[in-house]
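Structure record follows, encoded as structure tokens.
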Amino acid sequence: MSDEWNGRPRRNDHYVAFAIPGLTYAAAYFQLTKIRDYKELFYRINQTDEPGTLDPEYNATFLPVHRANYYNEVVEHRPCTTEESLKRYFGDVCIANSMMNADTIVLDFRDIREAVLFASYVRIALDLLTNKRGISKIIVLH
């Protein structure tokens, strides 16, 4: 696990963040892309409870959150994010990564403010992603 990253994804980086709209690091990622209406994408990801991957043009996957603020309206998509759902999300990250052939996973968890949630999310992610074929480095941003 490493927290070294220069802020710009390389072609062999797989950027992973939670689909939290607003002034967030996940939303800022879209400044590096041609996609301008990320809020609609995040709304769809959160509403369907399915991760969204921007492949093949961008190696990025965004994970659902249970509550988000869209256009000054808080939307509760589901009661909470469970450990089982996180395991499913990171399983989807593994599948997407195998198609991207990225050797580095960048887990951008800087938008997770609660220390207990952050620690839990990192633990689950590392349990599922460590020692997966093709992944040589995992970078956790906090």
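Just so we're on the same page: first chain in the structure tokens is A, next is B, and so on; residues restart at 1 for each chain, and ligands are numbered from 1 in the order they show up.
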So that I can see what lies close to A:Tyr29, please list as an NGL selection string the residues with an atom at most 10 Å from it, counting only C-alpha atoms and leaving out residues fewer than 2 positions away in the same chain. :A and (7-9 or 15 or 17 or 24-27 or 31-33 or 35 or 38 or 60)
Give me a file of those residues, with N, CA and C atoms, as a tab-separated table (two decimals), in the first residue's frame.
```tsv
chain	number	residue	atom	x	y	z
A	7	GLY	N	-1.18	12.83	-8.92
A	7	GLY	CA	-2.43	13.54	-9.18
A	7	GLY	C	-2.98	13.40	-10.57
A	8	ARG	N	-2.21	12.83	-11.46
A	8	ARG	CA	-2.68	12.60	-12.84
A	8	ARG	C	-2.54	11.12	-13.15
A	9	PRO	N	-3.66	10.48	-13.50
A	9	PRO	CA	-3.58	9.05	-13.78
A	9	PRO	C	-2.74	8.74	-15.01
A	15	TYR	N	-8.12	4.29	-11.53
A	15	TYR	CA	-8.58	5.23	-10.52
A	15	TYR	C	-9.93	4.76	-9.98
A	17	ALA	N	-12.91	5.64	-6.97
A	17	ALA	CA	-13.40	6.59	-5.97
A	17	ALA	C	-14.90	6.38	-5.78
A	24	THR	N	-15.72	17.59	-4.56
A	24	THR	CA	-15.06	16.38	-4.08
A	24	THR	C	-13.92	16.03	-5.01
A	25	TYR	N	-13.03	15.19	-4.52
A	25	TYR	CA	-11.93	14.72	-5.36
A	25	TYR	C	-12.45	13.88	-6.52
A	26	ALA	N	-13.50	13.08	-6.25
A	26	ALA	CA	-14.09	12.26	-7.32
A	26	ALA	C	-14.63	13.15	-8.43
A	27	ALA	N	-15.31	14.22	-8.09
A	27	ALA	CA	-15.84	15.14	-9.09
A	27	ALA	C	-14.69	15.86	-9.81
A	31	GLN	N	-12.30	16.86	-14.37
A	31	GLN	CA	-11.57	17.95	-15.01
A	31	GLN	C	-10.50	17.41	-15.94
A	32	LEU	N	-10.10	16.14	-15.72
A	32	LEU	CA	-9.08	15.50	-16.55
A	32	LEU	C	-9.69	14.78	-17.75
A	33	THR	N	-11.01	14.83	-17.87
A	33	THR	CA	-11.71	14.09	-18.93
A	33	THR	C	-12.51	15.04	-19.81
A	35	ILE	N	-15.71	14.44	-20.10
A	35	ILE	CA	-17.06	14.27	-19.54
A	35	ILE	C	-17.39	15.48	-18.67
A	38	TYR	N	-20.96	14.90	-14.94
A	38	TYR	CA	-20.68	13.78	-14.06
A	38	TYR	C	-21.80	13.57	-13.04
A	60	ALA	N	-11.18	4.40	-14.96
A	60	ALA	CA	-11.75	4.90	-13.72
A	60	ALA	C	-13.03	4.15	-13.39
```
Residues flagged helix (DSSP H, G or I) by DSSP in chain A, as a ChimeraX atom specification: /A:25-32,38-48,83-100,115-129
Dump of C-alpha atoms for the selected residues, as a compact mmCIF listing (two decimals), in the first residue's frame:
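Result file follows (result.txt):
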```
# COMPACT_ATOMS: atom_id res chain seq x y z
CA TYR A 25 -11.93 14.72 -5.36
CA ALA A 26 -14.09 12.26 -7.32
CA ALA A 27 -15.84 15.14 -9.09
CA ALA A 28 -12.50 16.89 -9.69
CA TYR A 29 -11.31 13.80 -11.60
CA PHE A 30 -13.66 14.82 -14.41
CA GLN A 31 -11.57 17.95 -15.01
CA LEU A 32 -9.08 15.50 -16.55
CA TYR A 38 -20.68 13.78 -14.06
CA LYS A 39 -23.61 14.46 -11.70
CA GLU A 40 -25.98 12.49 -13.92
CA LEU A 41 -23.48 9.63 -14.06
CA PHE A 42 -23.04 9.69 -10.26
CA TYR A 43 -26.82 9.79 -9.76
CA ARG A 44 -27.24 6.71 -11.97
CA ILE A 45 -24.42 4.84 -10.18
CA ASN A 46 -25.90 5.63 -6.78
CA GLN A 47 -29.51 4.97 -7.77
CA THR A 48 -28.76 1.55 -9.31
CA GLU A 83 -19.71 -4.70 4.06
CA GLU A 84 -21.37 -7.12 1.65
CA SER A 85 -22.08 -4.34 -0.85
CA LEU A 86 -18.49 -3.06 -0.55
CA LYS A 87 -17.18 -6.56 -1.28
CA ARG A 88 -19.42 -6.68 -4.35
CA TYR A 89 -18.21 -3.23 -5.48
CA PHE A 90 -14.54 -4.18 -5.16
CA GLY A 91 -15.24 -7.49 -6.90
CA ASP A 92 -16.53 -5.38 -9.80
CA VAL A 93 -13.35 -3.28 -9.60
CA CYS A 94 -11.32 -6.50 -10.03
CA ILE A 95 -13.37 -7.48 -13.09
CA ALA A 96 -13.00 -4.00 -14.63
CA ASN A 97 -9.30 -3.97 -13.87
CA SER A 98 -8.75 -7.29 -15.61
CA MET A 99 -10.24 -5.76 -18.77
CA MET A 100 -8.15 -2.59 -18.45
CA ALA A 115 -12.12 7.76 10.15
CA VAL A 116 -13.97 4.55 11.03
CA LEU A 117 -15.55 4.30 7.58
CA PHE A 118 -12.25 5.12 5.90
CA ALA A 119 -10.44 2.37 7.82
CA SER A 120 -13.19 -0.14 7.07
CA TYR A 121 -13.27 0.71 3.35
CA VAL A 122 -9.47 0.43 3.08
CA ARG A 123 -9.46 -2.92 4.93
CA ILE A 124 -12.13 -4.40 2.66
CA ALA A 125 -10.50 -3.03 -0.50
CA LEU A 126 -7.05 -4.34 0.40
CA ASP A 127 -8.45 -7.75 1.41
CA LEU A 128 -10.04 -8.12 -2.02
CA LEU A 129 -7.42 -6.45 -4.22
```
Best match for closeness to A:Arg113 among A:Cys80, A:Ile135, A:Val75, A:Ile20, counting only C-alpha atoms: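 Comparing A:Cys80, A:Ile135, A:Val75, A:Ile20 against A:Arg113, the winner is A:Ile20.
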Using DSSP on the backbone coordinates, identify all residues within chain A classified as strand (DSSP E); present the result as a PyMOL selection string. chain A and resi 13-18+52-53+60-63+67-70+73-76+104-108+137-141
Point-to-point distance in Å for atom CA of A:Lys137 and atom CA of A:Asn12: 10.7 Å
Pick out the closest residue to A:Pro64 from this set: A:Arg11, A:Ala102, A:Phe18, A:Arg110. Count only C-alpha atoms. A:Phe18
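As for atom CA of A:Asp108 and atom CA of A:Leu54, they are spaced 15.5 Å apart.
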Given the choices A:Leu107, A:Ile139, A:Ile112, A:Val16, which gets closest to A:Tyr58 if the distance is worked out from only C-alpha atoms?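 The shortest atom-to-atom distance to A:Tyr58 comes from A:Val16.
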Quick one: distance from atom CA of A:Glu57 to atom CA of A:Lys34 in Å, one decimal?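 It comes out at 9.9 Å.
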For A:Asn101, which residue out of A:His142, A:His66, A:Arg133, A:Arg36 is the nearest one, using only C-alpha atoms?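 Of the candidates, the smallest distance to A:Asn101 is held by A:Arg133.
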What's around A:Ile105 at 6 Å? Count only C-alpha atoms, leave out sequence neighbours fewer than 3 positions away in its own chain, and write the answer as a PyMOL selection string. chain A and resi 13-14+138
